[in-house]
Each structure stands twice: as structure tokens, then as C-alpha cells.
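Raw contents of my_file37.tsv, TSV, C-alpha atoms:
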```tsv
chain	number	residue	atom	x	y	z
A	12	MET	CA	12.44	-2.26	-0.19
A	13	ILE	CA	10.04	-5.18	0.07
A	14	ALA	CA	8.45	-6.02	3.40
A	15	VAL	CA	6.88	-9.44	3.84
A	16	PHE	CA	4.15	-9.88	6.39
A	17	ALA	CA	3.42	-13.40	7.61
A	18	VAL	CA	0.00	-14.35	8.90
A	19	SER	CA	-0.13	-15.95	12.35
A	20	SER	CA	-0.23	-19.74	12.61
A	21	ALA	CA	-3.66	-19.47	14.24
A	22	VAL	CA	-5.19	-18.70	10.87
A	23	MET	CA	-3.51	-21.51	8.93
A	24	ALA	CA	-6.77	-23.44	9.10
A	25	LEU	CA	-8.04	-20.93	6.57
A	26	ALA	CA	-5.70	-22.46	3.99
A	27	ALA	CA	-8.28	-25.09	3.11
A	28	ASP	CA	-10.71	-22.32	2.16
A	29	ARG	CA	-10.22	-21.61	-1.56
A	30	GLU	CA	-11.72	-18.16	-1.12
A	31	LEU	CA	-8.63	-17.06	0.81
A	32	PRO	CA	-4.92	-17.24	0.08
A	33	ASP	CA	-2.99	-19.95	1.91
A	34	PRO	CA	-0.90	-17.90	4.40
A	35	THR	CA	1.92	-20.45	4.25
A	36	LEU	CA	2.26	-19.92	0.49
A	37	THR	CA	1.06	-16.35	0.17
A	38	PRO	CA	1.76	-14.20	3.23
A	39	GLY	CA	1.38	-11.01	1.17
A	40	ALA	CA	4.09	-8.47	0.45
A	41	VAL	CA	4.34	-4.70	0.22
A	42	ALA	CA	6.84	-3.03	-2.11
A	43	SER	CA	6.09	0.63	-1.31
A	44	VAL	CA	4.73	2.50	1.69
A	45	ASP	CA	5.10	5.88	-0.05
A	46	GLN	CA	1.60	7.21	-0.72
A	47	ALA	CA	2.81	9.79	-3.26
A	48	GLU	CA	4.64	7.08	-5.22
A	49	VAL	CA	1.74	4.62	-5.08
A	50	CYS	CA	-0.95	7.14	-5.98
A	51	GLY	CA	1.09	9.10	-8.49
A	52	VAL	CA	1.16	8.78	-12.26
A	53	VAL	CA	4.57	8.82	-13.92
A	54	ASP	CA	4.85	9.18	-17.69
A	55	GLY	CA	1.14	8.36	-17.94
A	56	LEU	CA	1.49	5.10	-15.99
A	57	SER	CA	-0.06	4.21	-12.63
A	58	TYR	CA	1.98	2.50	-9.92
A	59	SER	CA	0.54	-0.90	-10.81
A	60	GLU	CA	1.33	-0.38	-14.50
A	61	ARG	CA	4.91	0.64	-13.65
A	62	HIS	CA	5.49	-2.30	-11.30
A	63	ARG	CA	3.61	-5.21	-12.90
A	64	ALA	CA	6.07	-7.91	-13.88
A	65	THR	CA	4.16	-11.14	-13.24
A	66	THR	CA	5.72	-13.75	-15.50
A	67	LYS	CA	4.22	-16.92	-16.93
A	68	ALA	CA	6.70	-18.87	-14.75
A	69	MET	CA	5.41	-17.09	-11.63
A	70	LYS	CA	1.79	-17.92	-12.56
A	71	THR	CA	2.70	-21.55	-13.26
A	72	TRP	CA	4.45	-21.80	-9.87
A	73	VAL	CA	1.39	-20.37	-8.11
A	74	ARG	CA	-0.99	-22.78	-9.87
A	75	ARG	CA	1.27	-25.69	-8.97
A	76	GLN	CA	1.58	-24.62	-5.33
A	77	TYR	CA	-2.19	-24.26	-5.04
A	78	GLY	CA	-2.78	-27.55	-6.87
A	79	ALA	CA	-4.97	-25.84	-9.44
A	80	ALA	CA	-4.77	-26.32	-13.18
A	81	HIS	CA	-7.02	-23.27	-13.52
A	82	CYS	CA	-7.50	-20.17	-11.41
A	83	GLY	CA	-10.25	-17.66	-11.89
A	84	GLU	CA	-7.42	-15.15	-11.54
A	85	ILE	CA	-3.83	-15.12	-10.34
A	86	ASP	CA	-4.28	-12.35	-7.80
A	87	HIS	CA	-2.13	-10.12	-5.61
A	88	PRO	CA	-3.59	-10.25	-2.08
A	89	VAL	CA	-1.97	-6.87	-1.45
A	90	PRO	CA	-2.98	-5.11	-4.68
A	91	LEU	CA	-0.29	-3.59	-6.88
A	92	ALA	CA	-2.41	-0.44	-7.01
A	93	LEU	CA	-1.85	-0.09	-3.25
A	94	GLY	CA	1.89	-0.74	-3.33
A	95	GLY	CA	1.78	-4.53	-3.26
A	96	ALA	CA	4.86	-6.38	-4.47
A	97	ASP	CA	4.78	-8.37	-7.70
A	98	ILE	CA	6.49	-11.45	-6.27
A	99	VAL	CA	5.27	-15.02	-5.65
A	100	LEU	CA	4.81	-14.32	-1.93
A	101	ASN	CA	2.08	-11.92	-3.00
A	102	LEU	CA	0.34	-14.13	-5.58
A	103	TRP	CA	-2.41	-16.70	-5.15
A	104	CYS	CA	-4.88	-18.71	-7.16
A	105	GLN	CA	-8.20	-16.94	-6.59
A	106	PRO	CA	-11.45	-18.60	-7.70
A	107	GLY	CA	-13.78	-17.06	-10.24
A	108	PRO	CA	-17.54	-16.43	-9.99
A	109	GLU	CA	-18.33	-19.84	-11.48
A	110	GLU	CA	-16.42	-21.52	-8.63
A	111	THR	CA	-17.53	-19.79	-5.44
A	112	ALA	CA	-19.69	-16.99	-4.05
A	113	TRP	CA	-16.61	-15.04	-2.85
A	114	HIS	CA	-14.59	-14.58	-6.03
A	115	TYR	CA	-12.10	-12.25	-7.64
A	116	LYS	CA	-14.70	-9.80	-8.91
A	117	LEU	CA	-15.78	-9.00	-5.35
A	118	LYS	CA	-12.16	-8.62	-4.21
A	119	ASP	CA	-11.58	-6.34	-7.21
A	120	ASP	CA	-14.50	-4.21	-5.99
A	121	LEU	CA	-12.87	-3.97	-2.56
A	122	GLU	CA	-9.53	-3.05	-4.13
A	123	THR	CA	-11.17	-0.26	-6.16
A	124	PHE	CA	-13.03	1.04	-3.09
A	125	VAL	CA	-9.87	1.12	-0.97
A	126	TRP	CA	-7.71	2.59	-3.75
A	127	SER	CA	-10.24	5.39	-4.19
A	128	ALA	CA	-10.28	6.07	-0.43
A	129	VAL	CA	-6.46	6.21	-0.37
A	130	CYS	CA	-5.58	7.89	-3.66
A	131	VAL	CA	-8.63	9.94	-4.66
A	132	LYS	CA	-10.70	10.84	-1.60
A	133	HIS	CA	-7.80	10.74	0.91
A	134	THR	CA	-10.12	9.36	3.59
A	135	MET	CA	-7.75	6.49	4.36
A	136	SER	CA	-3.96	6.35	4.64
A	137	LEU	CA	-1.94	3.98	2.49
A	138	ALA	CA	-0.94	2.07	5.63
A	139	GLU	CA	-4.63	1.58	6.52
A	140	GLY	CA	-5.41	0.46	2.98
A	141	GLN	CA	-2.55	-2.04	2.89
A	142	ALA	CA	-3.50	-3.36	6.34
A	143	ILE	CA	-6.94	-4.32	4.99
A	144	PHE	CA	-5.31	-6.72	2.53
A	145	LEU	CA	-2.73	-8.03	4.98
A	146	LYS	CA	-5.48	-9.34	7.25
A	147	PRO	CA	-6.24	-13.05	6.93
A	148	ASP	CA	-9.77	-12.60	5.56
A	149	TRP	CA	-10.53	-9.93	2.94
A	150	ARG	CA	-14.24	-10.91	3.04
A	151	ILE	CA	-14.66	-9.34	6.49
A	152	GLU	CA	-13.34	-6.03	5.20
A	153	TYR	CA	-15.56	-6.27	2.13
A	154	CYS	CA	-18.62	-6.59	4.36
A	155	ARG	CA	-17.45	-3.79	6.65
A	156	LEU	CA	-16.71	-1.32	3.86
A	157	ILE	CA	-19.04	-2.29	1.00
A	158	GLY	CA	-21.63	-4.71	2.36
A	159	GLY	CA	-24.46	-6.22	0.38
A	160	ALA	CA	-26.51	-9.39	0.14
A	161	ILE	CA	-23.46	-11.65	0.24
A	162	CYS	CA	-22.55	-10.43	3.73
A	163	PRO	CA	-24.00	-12.04	6.83
A	164	PRO	CA	-26.62	-9.95	8.66
```
Now that the file is in, can you turn its structure into C-alpha cells?
Amino acid sequence: MIAVFAVSSAVMALAADRELPDPTLTPGAVASVDQAEVCGVVDGLSYSERHRATTKAMKTWVRRQYGAAHCGEIDHPVPLALGGADIVLNLWCQPGPEETAWHYKLKDDLETFVWSAVCVKHTMSLAEGQAIFLKPDWRIEYCRLIGGAICPP
């Protein structure tokens, strides 16, 4: 079952910000809410390895929708490693470090932190972890959970 979560129209102004997915194009989508399934390894493969099916056509569509010939990374706002769906509603054109201060490497750090909290340390539920990435601005959660010089004082 795939659940799609739309972001409220109040945050659509964020669409102009390349550091965030456009909520009208990429509302985010969850494919699994089963923590055992998402955190488990089957036949040596993680959930994201078992469920990754992003095609070249999907990536081309995302680049076209975002008006970008190049993306730092075609990213899943709700990470596959946390049960995100591998569909175009959960893909966006995320800038790289050469393009902006808030780039895919920082979001990858947040994804790793949250995955560890959910699947290794068990200090966060899968629902809590997914909710972090369904919020309109992942940067706020980065600053709350990881922090660092990039975050406002």
C-alpha cells in the first residue's frame, strides 16, 4: 500500500526554494509503515535495496518538472531506507554542494541519523522518522537533530 501525503498550500511558497522539494510536484510518499519490514534484511538486501526501482524515465521526468538539466541528486524526500516509495511523487531534483549550502550530502546525513535512530538504536519509531521527512522543510529537522555551523543560532 502506498500512502501519499500532500503538503498544505500554505507552504507552496517554498517551491521557489531549490533547497526544498516543490510540494506540488513532490508531496512525498510512503510505501511501508512496517518497522520490521523496513529495518529488516532479506536475502542480504536492505529495504532500500529491495525496493529501489528508479528508472531513467522517472529521473528524466523529475528533471523536466523541476526545469533542471542537472540535479546534484535525484532524491527521495521520504528516504527508501525509511519506507519511502520509489515513485515520482517521492522524487525531486536536489542541488549538490556546488550549488547551495543546503545540499544532498547534508540531507543524506539526516537520513543516516534518523535511520540509525529507527532501525539500530530504536530511540525513534518508524512513524516519527517518516514524519521528519514529510514535513515541508527538512533543514529544520537537520538543525534540531544534528546541528552545526550551518544552522542558525
* Write out as an NGL selection string the residues lying within 10 Å of Pro164 of chain A, counting all atoms listed in the file and excluding same-chain residues fewer than 5 positions away. => :A and (154 or 158-159)
* Asked: What does the distance between atom CA of Leu91 of chain A and atom CA of Arg61 of chain A come to in Å, to one decimal place?
  ->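 It comes out at 9.5 Å.
Near Pro32 of chain A, within 9 Å and counting only C-alpha atoms, sit A:Leu25, A:Ala26, A:Pro38, A:Gly39, A:Pro88, A:Leu102, A:Trp103, A:Cys104, A:Gln105, A:Pro147, A:Asp148, not including residues fewer than 6 positions from it in the same chain.
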* Asked: Leaving out Arg29 of chain A and any residue of its chain fewer than 5 positions from it, which residues lie within 12 Å of it when counting only C-alpha atoms, given as a PyMOL selection string?
  -> chain A and resi 24+34+77-79+82-83+103-107+110-115+148
* To do: List the residues sitting within 8 Å of (-18.1, -10.5, 3.3) in the file's frame, using all atoms listed in the file, as a list in words.
  =>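 Applying the cut-off with all atoms listed in the file, one gets Trp113, Trp149, Arg150, Ile151, Glu152, Tyr153, Cys154, Arg155, Gly158, Ile161, Cys162 and Pro163 of chain A.
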* Asked: Between A:Leu156, A:Leu100, A:Gly55, A:Phe144, which one has atoms that come closest to Phe124 of chain A, using only C-alpha atoms?
  ->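 Among the listed residues, the smallest separation from Phe124 of chain A belongs to A:Leu156.
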* Asked: Which of these, A:Glu139, A:Glu48, A:Asp86, A:Asp97, has the shortest distance to Asp119 of chain A once you count only C-alpha atoms?
  ->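 Of A:Glu139, A:Glu48, A:Asp86, A:Asp97, the one nearest Asp119 of chain A is A:Asp86, counting only C-alpha atoms.
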* **Atom pair atom CA of Gln141 of chain A / atom CA of Tyr58 of chain A: separation (Å)** =>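 Taking atom CA of Gln141 of chain A and atom CA of Tyr58 of chain A, their separation equals 14.3 Å.
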* **Minimum-distance residue to Leu145 of chain A, chosen among A:Thr37, A:Thr65, A:Ser43, A:Ser127 (using all atoms listed in the file)** =>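 Result for the nearest residue to Leu145 of chain A: A:Thr37.
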* Asked: Could you state the separation of atom CA of Lys116 of chain A and atom CA of Val41 of chain A in Å, given to one decimal place?
  -> 21.7 Å
* To do: Considering only C-alpha atoms, state which residue in the set A:Val99, A:Ala92, A:Ala68, A:Cys50 is at the smallest distance from Lys132 of chain A.
  =>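 Distance minimum relative to Lys132 of chain A lands on A:Cys50.
Across A:Ala80, A:Val53, A:Ile143, A:Met135, the tightest approach to Glu122 of chain A is made by A:Ile143 when counting only C-alpha atoms.
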* Please write as a PyMOL selection string the list of polymer residues whose atoms come within 12 Å of (-5.1, 10.0, -1.3), counting only C-alpha atoms and keeping to the coordinates of the file. => chain A and resi 45-51+93+125-140
